[in-house]
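J.: Input work_14.tsv, format and content: TSV, C-alpha atoms.
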chain	number	residue	atom	x	y	z
A	1052	MET	CA	1.51	6.91	-4.07
A	1053	ALA	CA	2.73	10.31	-5.17
A	1054	ASN	CA	6.25	11.57	-4.61
A	1055	GLN	CA	6.63	14.72	-2.53
A	1056	SER	CA	10.29	15.14	-3.28
A	1057	SER	CA	11.39	16.76	-6.54
A	1058	SER	CA	14.87	15.28	-6.17
A	1059	CYS	CA	13.74	11.75	-7.11
A	1060	PRO	CA	13.00	10.78	-10.72
A	1061	ILE	CA	9.91	8.70	-9.84
A	1062	LEU	CA	6.81	10.80	-9.21
A	1063	CYS	CA	4.45	8.00	-8.18
A	1064	ALA	CA	4.39	4.23	-7.81
A	1065	SER	CA	1.55	1.75	-7.27
A	1066	PHE	CA	0.97	-1.99	-7.31
A	1067	ASN	CA	-2.22	-3.47	-8.69
A	1068	GLN	CA	-4.82	-5.18	-6.50
A	1069	ASP	CA	-3.12	-8.59	-6.37
A	1070	ASN	CA	0.45	-7.20	-6.54
A	1071	SER	CA	1.10	-9.04	-9.82
A	1072	GLY	CA	2.01	-5.78	-11.57
A	1073	PHE	CA	3.06	-2.24	-10.77
A	1074	ALA	CA	3.21	1.18	-12.36
A	1075	ILE	CA	5.62	4.09	-12.03
A	1076	SER	CA	5.64	7.56	-13.52
A	1077	THR	CA	8.37	10.08	-14.23
A	1078	LYS	CA	8.41	13.57	-15.72
A	1079	ASP	CA	8.30	11.97	-19.17
A	1080	GLY	CA	5.46	9.44	-18.78
A	1081	PHE	CA	4.57	6.14	-17.12
A	1082	LYS	CA	5.60	2.47	-17.27
A	1083	ILE	CA	3.85	-0.80	-16.38
A	1084	PHE	CA	5.87	-3.81	-15.12
A	1085	ASP	CA	5.19	-7.46	-14.34
A	1086	SER	CA	6.04	-8.04	-10.65
A	1087	ASN	CA	6.91	-11.71	-11.08
A	1088	THR	CA	9.36	-11.35	-13.96
A	1089	GLY	CA	10.32	-7.66	-13.83
A	1090	ARG	CA	9.37	-7.38	-17.51
A	1091	LEU	CA	8.48	-3.93	-18.84
A	1092	CYS	CA	4.98	-4.50	-20.26
A	1093	TYR	CA	3.94	-1.03	-21.41
A	1094	GLU	CA	5.25	2.52	-21.50
A	1095	ARG	CA	3.81	5.83	-22.62
A	1096	SER	CA	5.76	9.07	-22.93
A	1097	PHE	CA	3.59	12.15	-23.01
A	1098	GLY	CA	4.13	14.02	-19.76
A	1099	ALA	CA	4.26	13.77	-15.98
A	1100	PHE	CA	1.61	12.01	-13.87
A	1101	ILE	CA	1.07	12.02	-10.10
A	1102	ILE	CA	-1.38	9.09	-10.07
A	1103	VAL	CA	-1.28	5.89	-12.14
A	1104	GLU	CA	-3.62	3.16	-10.88
A	1105	MET	CA	-4.08	-0.27	-12.46
A	1106	LEU	CA	-7.13	-2.57	-12.45
A	1107	TYR	CA	-5.50	-5.94	-11.87
A	1108	SER	CA	-3.73	-6.90	-15.14
A	1109	SER	CA	-6.36	-5.42	-17.43
A	1110	SER	CA	-5.76	-2.71	-20.02
A	1111	LEU	CA	-7.58	-0.10	-17.90
A	1112	LEU	CA	-5.61	2.60	-16.08
A	1113	ALA	CA	-6.73	5.58	-14.03
A	1114	ILE	CA	-4.24	8.43	-14.50
A	1115	VAL	CA	-3.97	11.99	-13.20
A	1116	GLY	CA	-1.52	14.56	-14.57
A	1117	ALA	CA	1.03	16.47	-12.52
A	1118	GLY	CA	-0.07	19.82	-13.95
A	1119	GLU	CA	3.16	20.59	-15.74
A	1120	GLN	CA	1.21	21.17	-18.96
A	1121	PRO	CA	-2.42	22.31	-19.47
A	1122	SER	CA	-3.60	18.99	-20.90
A	1123	LEU	CA	-2.42	17.09	-17.80
A	1124	SER	CA	-4.28	18.90	-15.02
A	1125	PRO	CA	-4.22	17.42	-11.49
A	1126	ARG	CA	-7.96	18.18	-11.43
A	1127	ARG	CA	-8.76	15.82	-14.32
A	1128	LEU	CA	-9.04	12.03	-14.08
A	1129	CYS	CA	-8.47	10.06	-17.28
A	1130	LEU	CA	-9.43	6.42	-17.80
A	1131	PHE	CA	-6.83	5.17	-20.24
A	1132	ASN	CA	-6.80	2.02	-22.39
A	1133	THR	CA	-3.31	0.58	-22.84
A	1134	ALA	CA	-4.58	-1.79	-25.56
A	1135	THR	CA	-5.51	1.09	-27.85
A	1136	GLY	CA	-3.16	3.70	-26.41
A	1137	ALA	CA	-6.05	6.16	-26.15
A	1138	PRO	CA	-8.19	7.75	-23.41
A	1139	LEU	CA	-11.60	6.22	-22.76
A	1140	ARG	CA	-13.26	8.89	-20.64
A	1141	GLU	CA	-12.30	11.92	-18.58
A	1142	LEU	CA	-13.74	13.29	-15.35
A	1143	PRO	CA	-13.02	16.93	-14.41
A	1144	PHE	CA	-13.08	18.15	-10.79
A	1145	LEU	CA	-12.94	21.57	-9.14
A	1146	THR	CA	-9.95	20.74	-6.93
A	1147	SER	CA	-6.87	18.52	-7.21
A	1148	ILE	CA	-7.32	14.75	-7.05
A	1149	LEU	CA	-5.50	13.25	-4.07
A	1150	ALA	CA	-6.15	9.53	-4.53
A	1151	VAL	CA	-7.87	7.11	-6.90
A	1152	ARG	CA	-8.85	3.47	-6.38
A	1153	LEU	CA	-10.23	0.88	-8.80
A	1154	ASN	CA	-11.71	-2.47	-7.87
A	1155	ARG	CA	-13.87	-5.22	-9.29
A	1156	LYS	CA	-14.41	-7.24	-6.14
A	1157	ARG	CA	-16.91	-6.82	-3.33
A	1158	HIS	CA	-15.67	-5.95	0.17
A	1159	LEU	CA	-18.34	-6.04	2.88
A	1160	ILE	CA	-17.60	-2.67	4.48
A	1161	GLU	CA	-20.78	-0.94	5.55
A	1162	ARG	CA	-21.46	2.72	4.94
A	1163	ARG	CA	-22.17	3.31	8.66
A	1164	THR	CA	-18.53	2.64	9.62
A	1165	VAL	CA	-16.13	5.48	10.36
A	1166	ILE	CA	-14.16	4.80	7.17
A	1167	PRO	CA	-16.76	4.98	4.38
A	1168	LEU	CA	-14.25	6.24	1.83
A	1169	LEU	CA	-12.67	2.77	1.77
A	1170	SER	CA	-15.90	1.00	0.80
A	1171	THR	CA	-15.40	-0.87	-2.47
A	1172	PHE	CA	-18.00	-2.84	-4.37
A	1173	HIS	CA	-18.25	-4.63	-7.69
A	1174	ARG	CA	-16.63	-2.51	-10.44
A	1175	ARG	CA	-16.27	0.71	-8.48
A	1176	LEU	CA	-14.09	3.78	-9.03
A	1177	LEU	CA	-13.28	5.97	-6.01
A	1178	VAL	CA	-11.90	9.49	-6.39
A	1179	VAL	CA	-10.70	11.30	-3.25
A	1180	LEU	CA	-10.45	15.09	-3.09
A	1181	GLN	CA	-9.55	17.28	-0.15
A	1182	GLU	CA	-13.08	17.47	1.25
A	1183	ASN	CA	-15.07	14.95	-0.82
A	1184	THR	CA	-14.97	11.35	-1.99
A	1185	TYR	CA	-16.85	10.39	-5.16
A	1186	ILE	CA	-17.91	6.83	-5.96
A	1187	TYR	CA	-18.64	5.86	-9.57
A	1188	ASP	CA	-19.60	2.79	-11.51
A	1189	SER	CA	-16.35	2.11	-13.36
A	1190	ASN	CA	-18.15	0.93	-16.52
A	1191	SER	CA	-20.69	3.71	-17.08
A	1192	LEU	CA	-19.03	6.34	-14.86
A	1193	ALA	CA	-22.43	7.00	-13.34
A	1194	MET	CA	-22.00	8.69	-9.95
A	1195	LEU	CA	-23.24	6.40	-7.19
A	1196	ASP	CA	-22.45	8.38	-4.07
A	1197	THR	CA	-20.72	11.47	-2.72
A	1198	ILE	CA	-19.20	11.49	0.76
A	1199	ASP	CA	-18.25	14.74	2.47
A	1200	THR	CA	-15.16	14.53	4.68
A	1201	VAL	CA	-13.18	16.86	6.89
A	1202	PRO	CA	-10.30	18.71	5.18
A	1203	ASN	CA	-8.10	15.84	4.06
A	1204	LEU	CA	-4.95	16.92	2.26
A	1205	LYS	CA	-3.59	13.39	1.86
A	1206	GLY	CA	-6.87	11.66	1.05
A	1207	LYS	CA	-6.87	9.59	4.31
A	1208	ILE	CA	-8.97	9.13	7.52
A	1209	ASP	CA	-8.63	10.39	11.11
A	1210	ALA	CA	-7.15	7.65	13.32
A	1211	HIS	CA	-4.36	9.32	15.35
A	1212	ARG	CA	-3.91	12.50	17.33
A	1213	SER	CA	-1.83	13.95	14.49
A	1214	PRO	CA	-2.60	13.79	10.74
A	1215	LEU	CA	-2.15	10.50	8.93
A	1216	ALA	CA	0.85	9.79	6.73
A	1217	ALA	CA	-0.02	6.27	5.54
A	1218	ILE	CA	-2.93	3.85	5.46
A	1219	ALA	CA	-3.48	0.28	4.23
A	1220	LEU	CA	-6.46	-2.07	3.99
A	1221	SER	CA	-6.04	-5.84	4.21
A	1222	SER	CA	-6.89	-7.80	1.07
A	1223	ASN	CA	-10.05	-9.22	2.65
A	1224	GLY	CA	-11.22	-5.80	3.84
A	1225	THR	CA	-11.19	-6.87	7.51
A	1226	TYR	CA	-8.27	-4.87	8.92
A	1227	ILE	CA	-6.88	-1.41	8.34
A	1228	ALA	CA	-3.46	-0.11	9.40
A	1229	THR	CA	-2.66	3.56	9.94
A	1230	ALA	CA	0.39	5.65	10.79
A	1231	SER	CA	0.50	9.30	11.80
A	1232	GLU	CA	2.98	11.92	10.65
A	1233	GLN	CA	5.08	11.21	13.76
A	1234	GLY	CA	5.61	7.66	12.50
A	1235	THR	CA	6.42	6.14	15.90
A	1236	ILE	CA	3.17	4.20	16.43
A	1237	ILE	CA	1.29	2.13	13.85
A	1238	ARG	CA	-2.27	1.10	14.65
A	1239	VAL	CA	-4.30	-1.82	13.34
A	1240	HIS	CA	-8.09	-1.45	13.34
A	1241	LEU	CA	-10.86	-4.03	12.96
A	1242	VAL	CA	-13.11	-2.58	10.28
A	1243	SER	CA	-16.34	-4.38	11.22
A	1244	GLU	CA	-16.34	-2.82	14.69
A	1245	ALA	CA	-14.86	0.52	13.59
A	1246	THR	CA	-12.51	0.34	16.58
A	1247	LYS	CA	-8.77	0.54	17.21
A	1248	SER	CA	-7.74	-3.05	17.90
A	1249	TYR	CA	-3.94	-3.10	18.22
A	1250	SER	CA	-0.98	-0.75	18.36
A	1251	PHE	CA	2.72	-1.31	17.95
A	1252	ARG	CA	5.81	0.85	18.02
A	1253	ARG	CA	7.93	1.32	14.91
A	1254	GLY	CA	10.65	3.27	16.70
A	1255	THR	CA	11.43	5.96	19.24
A	1256	TYR	CA	12.34	8.85	16.95
A	1257	PRO	CA	9.87	10.44	14.51
A	1258	SER	CA	10.05	9.21	10.94
A	1259	THR	CA	7.75	9.71	7.96
A	1260	ILE	CA	5.94	6.48	7.07
A	1261	PHE	CA	5.90	6.17	3.29
A	1262	SER	CA	3.92	2.93	2.95
A	1263	LEU	CA	2.05	0.22	4.82
A	1264	SER	CA	1.17	-3.16	3.35
A	1265	PHE	CA	-0.59	-6.24	4.72
A	1266	ALA	CA	0.32	-9.66	3.43
A	1267	PRO	CA	-2.40	-11.24	1.25
A	1268	SER	CA	-4.75	-13.37	3.35
A	1269	LEU	CA	-8.34	-14.56	3.52
A	1270	GLN	CA	-8.34	-14.21	7.30
A	1271	LEU	CA	-5.97	-12.37	9.67
A	1272	PRO	CA	-2.95	-11.20	7.63
A	1273	ASP	CA	0.29	-12.83	8.73
A	1274	ILE	CA	2.54	-9.78	8.51
A	1275	LEU	CA	2.48	-6.04	7.99
A	1276	ALA	CA	5.31	-4.20	6.22
A	1277	ALA	CA	6.22	-0.53	6.62
A	1278	THR	CA	8.75	1.75	4.92
A	1279	SER	CA	9.87	5.11	6.24
A	1280	SER	CA	12.18	8.06	5.70
A	1281	SER	CA	14.82	6.30	7.80
A	1282	GLY	CA	15.48	4.08	4.77
A	1283	SER	CA	14.54	0.91	6.67
A	1284	VAL	CA	11.85	-1.70	6.07
A	1285	HIS	CA	9.96	-2.93	9.14
A	1286	ILE	CA	8.04	-6.21	9.35
A	1287	PHE	CA	5.52	-6.96	12.12
A	1288	SER	CA	3.92	-10.37	12.64
A	1289	LEU	CA	0.20	-10.77	13.19
A	1290	GLY	CA	-1.06	-14.22	12.39
A	1291	PHE	CA	1.30	-17.05	13.40
A	1292	ASP	CA	2.75	-18.35	16.67
A	1293	THR	CA	6.33	-18.48	17.93
A	1294	ASN	CA	7.88	-19.81	21.13
A	1295	GLN	CA	8.09	-16.26	22.39
A	1296	SER	CA	4.38	-15.65	21.94
A	1297	ARG	CA	3.42	-18.64	24.07
A	1298	SER	CA	5.36	-17.17	26.99
A	1299	LYS	CA	2.86	-14.30	27.01
A	1300	LYS	CA	-0.31	-16.12	28.02
A	1301	SER	CA	-2.55	-13.09	27.88
A	1302	ILE	CA	-1.52	-12.22	24.32
A	1303	SER	CA	-2.71	-14.08	21.25
A	1304	PHE	CA	-0.20	-12.52	18.86
A	1305	PRO	CA	3.56	-13.13	18.81
A	1306	GLY	CA	4.63	-10.22	21.01
A	1307	LEU	CA	4.72	-7.77	18.10
A	1308	ILE	CA	1.14	-6.50	18.11
A	1309	LEU	CA	-0.51	-5.96	21.47
A	1310	PRO	CA	-3.90	-4.71	22.68
A	1311	ASP	CA	-3.95	-1.04	23.64
A	1312	TYR	CA	-4.05	-1.70	27.36
A	1313	VAL	CA	-0.59	-3.29	27.22
A	1314	ASN	CA	0.97	-1.38	24.35
A	1315	HIS	CA	3.37	0.27	26.82
A	1316	ALA	CA	5.06	-3.13	27.02
A	1317	LEU	CA	6.08	-3.18	23.37
A	1318	ASP	CA	9.64	-4.45	23.07
A	1319	PRO	CA	11.78	-2.88	20.29
A	1320	ALA	CA	13.58	-6.22	19.98
A	1321	HIS	CA	10.44	-7.70	18.50
A	1322	ARG	CA	10.72	-5.59	15.35
A	1323	HIS	CA	12.11	-7.25	12.24
A	1324	VAL	CA	14.05	-4.51	10.49
A	1325	LEU	CA	15.99	-4.34	7.26
A	1326	HIS	CA	18.27	-1.34	7.74
A	1327	ASN	CA	19.43	0.87	4.87
A	1328	ALA	CA	17.25	-0.75	2.24
A	1329	VAL	CA	17.29	2.66	0.54
A	1330	SER	CA	19.07	5.90	1.31
A	1331	ALA	CA	17.58	7.88	4.18
A	1332	GLY	CA	14.99	10.38	2.97
A	1333	VAL	CA	14.30	8.59	-0.33
A	1334	ARG	CA	10.62	7.71	-0.66
A	1335	SER	CA	9.90	4.01	-0.98
A	1336	TYR	CA	6.91	1.74	-1.37
A	1337	ALA	CA	6.91	-1.91	-0.26
A	1338	VAL	CA	4.30	-4.65	-0.57
A	1339	VAL	CA	4.17	-8.19	0.79
A	1340	ARG	CA	3.43	-10.20	-2.34
A	1341	LYS	CA	3.38	-13.71	-0.91
A	1342	VAL	CA	3.51	-15.53	2.43
A	1343	ASP	CA	4.14	-19.23	3.08
A	1344	LYS	CA	3.92	-20.91	6.48
A	1345	ALA	CA	5.93	-24.12	6.68
A	1346	ALA	CA	5.11	-26.34	9.64
A	1347	ASP	CA	8.32	-27.71	11.17
A	1348	SER	CA	6.32	-29.65	13.80
A	1349	PRO	CA	2.76	-29.58	15.15
A	1350	GLU	CA	3.81	-26.86	17.61
A	1351	PHE	CA	6.10	-24.61	15.59
A	1352	ALA	CA	5.75	-22.67	12.37
A	1353	THR	CA	8.05	-20.69	10.12
A	1354	CYS	CA	6.89	-17.75	8.03
A	1355	ARG	CA	8.47	-16.96	4.69
A	1356	ALA	CA	7.47	-13.91	2.69
A	1357	VAL	CA	8.31	-12.16	-0.57
A	1358	VAL	CA	8.64	-8.39	-0.09
A	1359	SER	CA	8.89	-6.14	-3.16
A	1360	LEU	CA	10.12	-2.56	-2.83
A	1361	ILE	CA	10.12	0.39	-5.21
A	1362	ALA	CA	12.55	3.19	-4.34
A	1363	TYR	CA	11.74	6.56	-5.84
A	1364	ASN	CA	15.36	6.98	-6.90
A	1365	GLY	CA	14.51	4.45	-9.61
A	1366	TYR	CA	15.27	0.98	-8.24
A	1367	PHE	CA	13.19	-2.15	-7.70
A	1368	GLN	CA	14.24	-4.63	-5.01
A	1369	GLU	CA	12.76	-7.97	-3.99
A	1370	TYR	CA	13.61	-9.68	-0.70
A	1371	ALA	CA	12.96	-13.11	0.75
A	1372	PHE	CA	12.07	-12.62	4.41
A	1373	SER	CA	11.69	-15.42	6.97
A	1374	ILE	CA	10.98	-15.82	10.69
A	1375	ASN	CA	11.71	-19.05	12.54
A	1376	ASN	CA	9.97	-20.43	15.63
A	1377	GLN	CA	12.42	-18.55	17.87
A	1378	ASN	CA	11.28	-15.23	16.38
A	1379	GLU	CA	14.63	-14.87	14.59
A	1380	SER	CA	14.41	-13.24	11.17
A	1381	SER	CA	16.56	-13.09	8.05
A	1382	TRP	CA	16.52	-11.08	4.83
A	1383	SER	CA	17.90	-12.07	1.44
A	1384	LEU	CA	18.02	-9.77	-1.59
A	1385	GLU	CA	16.75	-11.86	-4.51
A	1386	ARG	CA	16.41	-9.27	-7.30
A	1387	GLU	CA	17.39	-5.65	-7.97
A	1388	PHE	CA	17.21	-3.61	-11.16
A	1389	ASN	CA	16.91	-0.05	-12.42
A	1390	LEU	CA	13.36	0.78	-13.46
A	1391	LEU	CA	14.41	3.83	-15.44
A	1392	THR	CA	16.84	2.10	-17.77
A	1393	LEU	CA	15.08	-1.25	-18.20
A	1394	VAL	CA	14.14	-1.90	-21.82
A	1395	SER	CA	12.07	-4.84	-23.03
A	1396	ASP	CA	11.65	-5.77	-26.66
A	1397	GLY	CA	8.18	-7.07	-25.89
A	1398	ALA	CA	6.90	-3.89	-24.24
A	1399	GLU	CA	4.09	-1.96	-25.88
A	1400	THR	CA	5.02	1.65	-26.48
A	1401	SER	CA	2.92	4.58	-27.55
Have the structure of the file written as structure tokens, please.
T.:
Amino acid sequence: MANQSSSCPILCASFNQDNSGFAISTKDGFKIFDSNTGRLCYERSFGAFIIVEMLYSSSLLAIVGAGEQPSLSPRRLCLFNTATGAPLRELPFLTSILAVRLNRKRHLIERRTVIPLLSTFHRRLLVVLQENTYIYDSNSLAMLDTIDTVPNLKGKIDAHRSPLAAIALSSNGTYIATASEQGTIIRVHLVSEATKSYSFRRGTYPSTIFSLSFAPSLQLPDILAATSSSGSVHIFSLGFDTNQSRSKKSISFPGLILPDYVNHALDPAHRHVLHNAVSAGVRSYAVVRKVDKAADSPEFATCRAVVSLIAYNGYFQEYAFSINNQNESSWSLEREFNLLTLVSDGAETS
């Protein structure tokens, strides 16, 4: 996720596919961290980058320069090996690269769906430009497919009346969440049917959505997290019951996510909000790294989640979030540290 504000020291931030590690870049270079320990694992100082994507915890990175020097063009993708500290291959393009994705798993998303650019197969590299998406074999870099899209400045799909600001795919490839530039409504779509399944309201006033993240799950994700320019973190529940949900007999979800025909009934009180997590206007990126459901009785369940947040002003925060069977939530700050000043003796540097 690239930073659109020059006032923040972090230019981009991204977690790897299982959220076990994350990368940030500044005007000087990029750094790789372990999400579980906060350890600085690798850093490289040779210029500014707008995209740094990891492939799980491997030594392979996909990086794109910010264009502040000729050798780091935003139109050139570099596959970089952190083990050797050297580039492996480079791919030049005619226009600026907007997004890159790496994956080594197979998601069963068919080409005929309305979101072909999110199709990922075994060892695939996806490169998104303004009007094209290129799919490569990540080993040989042989081009496998080219998909023409409508003008797409942010490298995303059309799912709202206004342009998209954020998009997220669930870990099992089943659901996709989208938010428009207005930021008041977030939609959840079922990929297999290529249809809009659920909608919920983030707030009344417009706000730029910086990130969306589903909790890891093999089936329906339990929660969805969102960060915005308001500085707050929002959590919405999808996959577990509460007392409140059973009072709504026509609704299978806990009052937070409703089918479109009743989305006018969305109650703002159902939002679980952490206010002032970061300063208003500061870009942030949050992921749900872990979810546990503890059964208090056969009828009730409690959800506990670990939410990690990167603020583009340079800080990492990790929260323990929980919801009880009365739909009451709590937040607890477990860790916080400065990503820009952290030094580790065990980090590889080049």
J.: Which residue is closest to Ala1217 in chain A? Choose from A:Ser1264, A:Pro1125, A:Cys1063, A:Asp1188 and count all atoms listed in the file.
T.: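 Smallest distance to Ala1217 in chain A is found for A:Ser1264.
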J.: Rounded to one decimal, what separation in Å do you get between CA of Glu1232 in chain A and CA of Ile1186 in chain A?
T.: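 Spanning CA of Glu1232 in chain A to CA of Ile1186 in chain A is a straight-line distance of 27.2 Å.
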J.: How many Å lie between CA of Thr1235 in chain A and CA of Phe1251 in chain A, rounded to one decimal?
T.: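 Here the two named atoms are 8.6 Å from each other.
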J.: Just to confirm, what's the straight-line distance from CA of His1323 in chain A to CA of Ile1286 in chain A in Å (one decimal)?
T.: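 So the answer is 5.1 Å.
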J.: Please return as a PyMOL selection string every residue within 9 Å of (11.9, -18.7, 12.2), taking into account only C-alpha atoms and the file's own coordinates.
T.: chain A and resi 1293+1351-1355+1373-1381
J.: With all atoms listed in the file as the basis for distance, which of A:Ser1243, A:Lys1341, A:Ser1065, A:Gly1080 is at the shortest distance from Leu1391 in chain A?
T.: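 Under the stated criterion, the closest residue is A:Gly1080.
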J.: Name the residues in contact with Ser1071 in chain A at a cut-off of 9 Å, using all atoms listed in the file, excluding same-chain residues fewer than 3 positions from it; report them as a list in words.
T.: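 Selected residues are Phe1066, Asn1067, Gln1068, Phe1084, Asp1085, Ser1086, Asn1087, Tyr1107, Ser1108 and Arg1340 of chain A.
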J.: I'd like to know which of A:Lys1344, A:Arg1386, A:His1285, A:Arg1334 is closest to Gly1365 in chain A, using all atoms listed in the file.
T.: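 Looking only at the distances to Gly1365 in chain A, the closest residue turns out to be A:Arg1334.
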J.: List the neighbours of range 1139-1155 of chain A out to 8 Å using all atoms listed in the file; skip same-chain residues closer than 6 positions along the sequence, and give me the result as a count of residues only.
T.: 30
J.: Excluding range 1274-1276 of chain A and any residue of its chain fewer than 3 positions from it, enumerate the residues within 8 Å of it, using all atoms listed in the file, and give them as a list in words.
T.: Ser1262, Leu1263, Ser1264, Phe1265, Ala1266, Val1284, His1285, Ile1286, Phe1287, Ser1288, Leu1289, Gly1290, Ala1337, Val1338 and Val1339 of chain A
J.: Out of A:Thr1135, A:Ser1268, A:Ser1076, A:Ser1110, which residue has the shortest atom-to-atom distance to Ser1096 in chain A when counting all atoms listed in the file?
T.: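 Checking each candidate against Ser1096 in chain A, we get A:Ser1076 as the closest.
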J.: Of the candidates A:Thr1229, A:Ser1250, A:Ser1058, A:Asn1223, which one gets nearest to Pro1272 in chain A if we count only C-alpha atoms?
T.: A:Asn1223
J.: Rank A:Gln1233, A:Gln1368, A:Ser1222, A:Thr1184 by their smallest atom-to-atom distance to Asn1070 in chain A, using all atoms listed in the file, and report the top residue only.
T.: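 Among the listed residues, A:Ser1222 lies closest to Asn1070 in chain A.
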J.: Need to verify the contact set: Ile1236 in chain A, 10 Å, all atoms listed in the file, exclusion of same-chain residues closer than 6 positions in sequence. Can you return it as a list in words?
T.: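 Returned residues: His1211, Thr1229, Ala1230, Ser1250, Phe1251, Arg1252, Arg1253, Gly1254, Thr1255, Pro1257 and Asn1314 of chain A.
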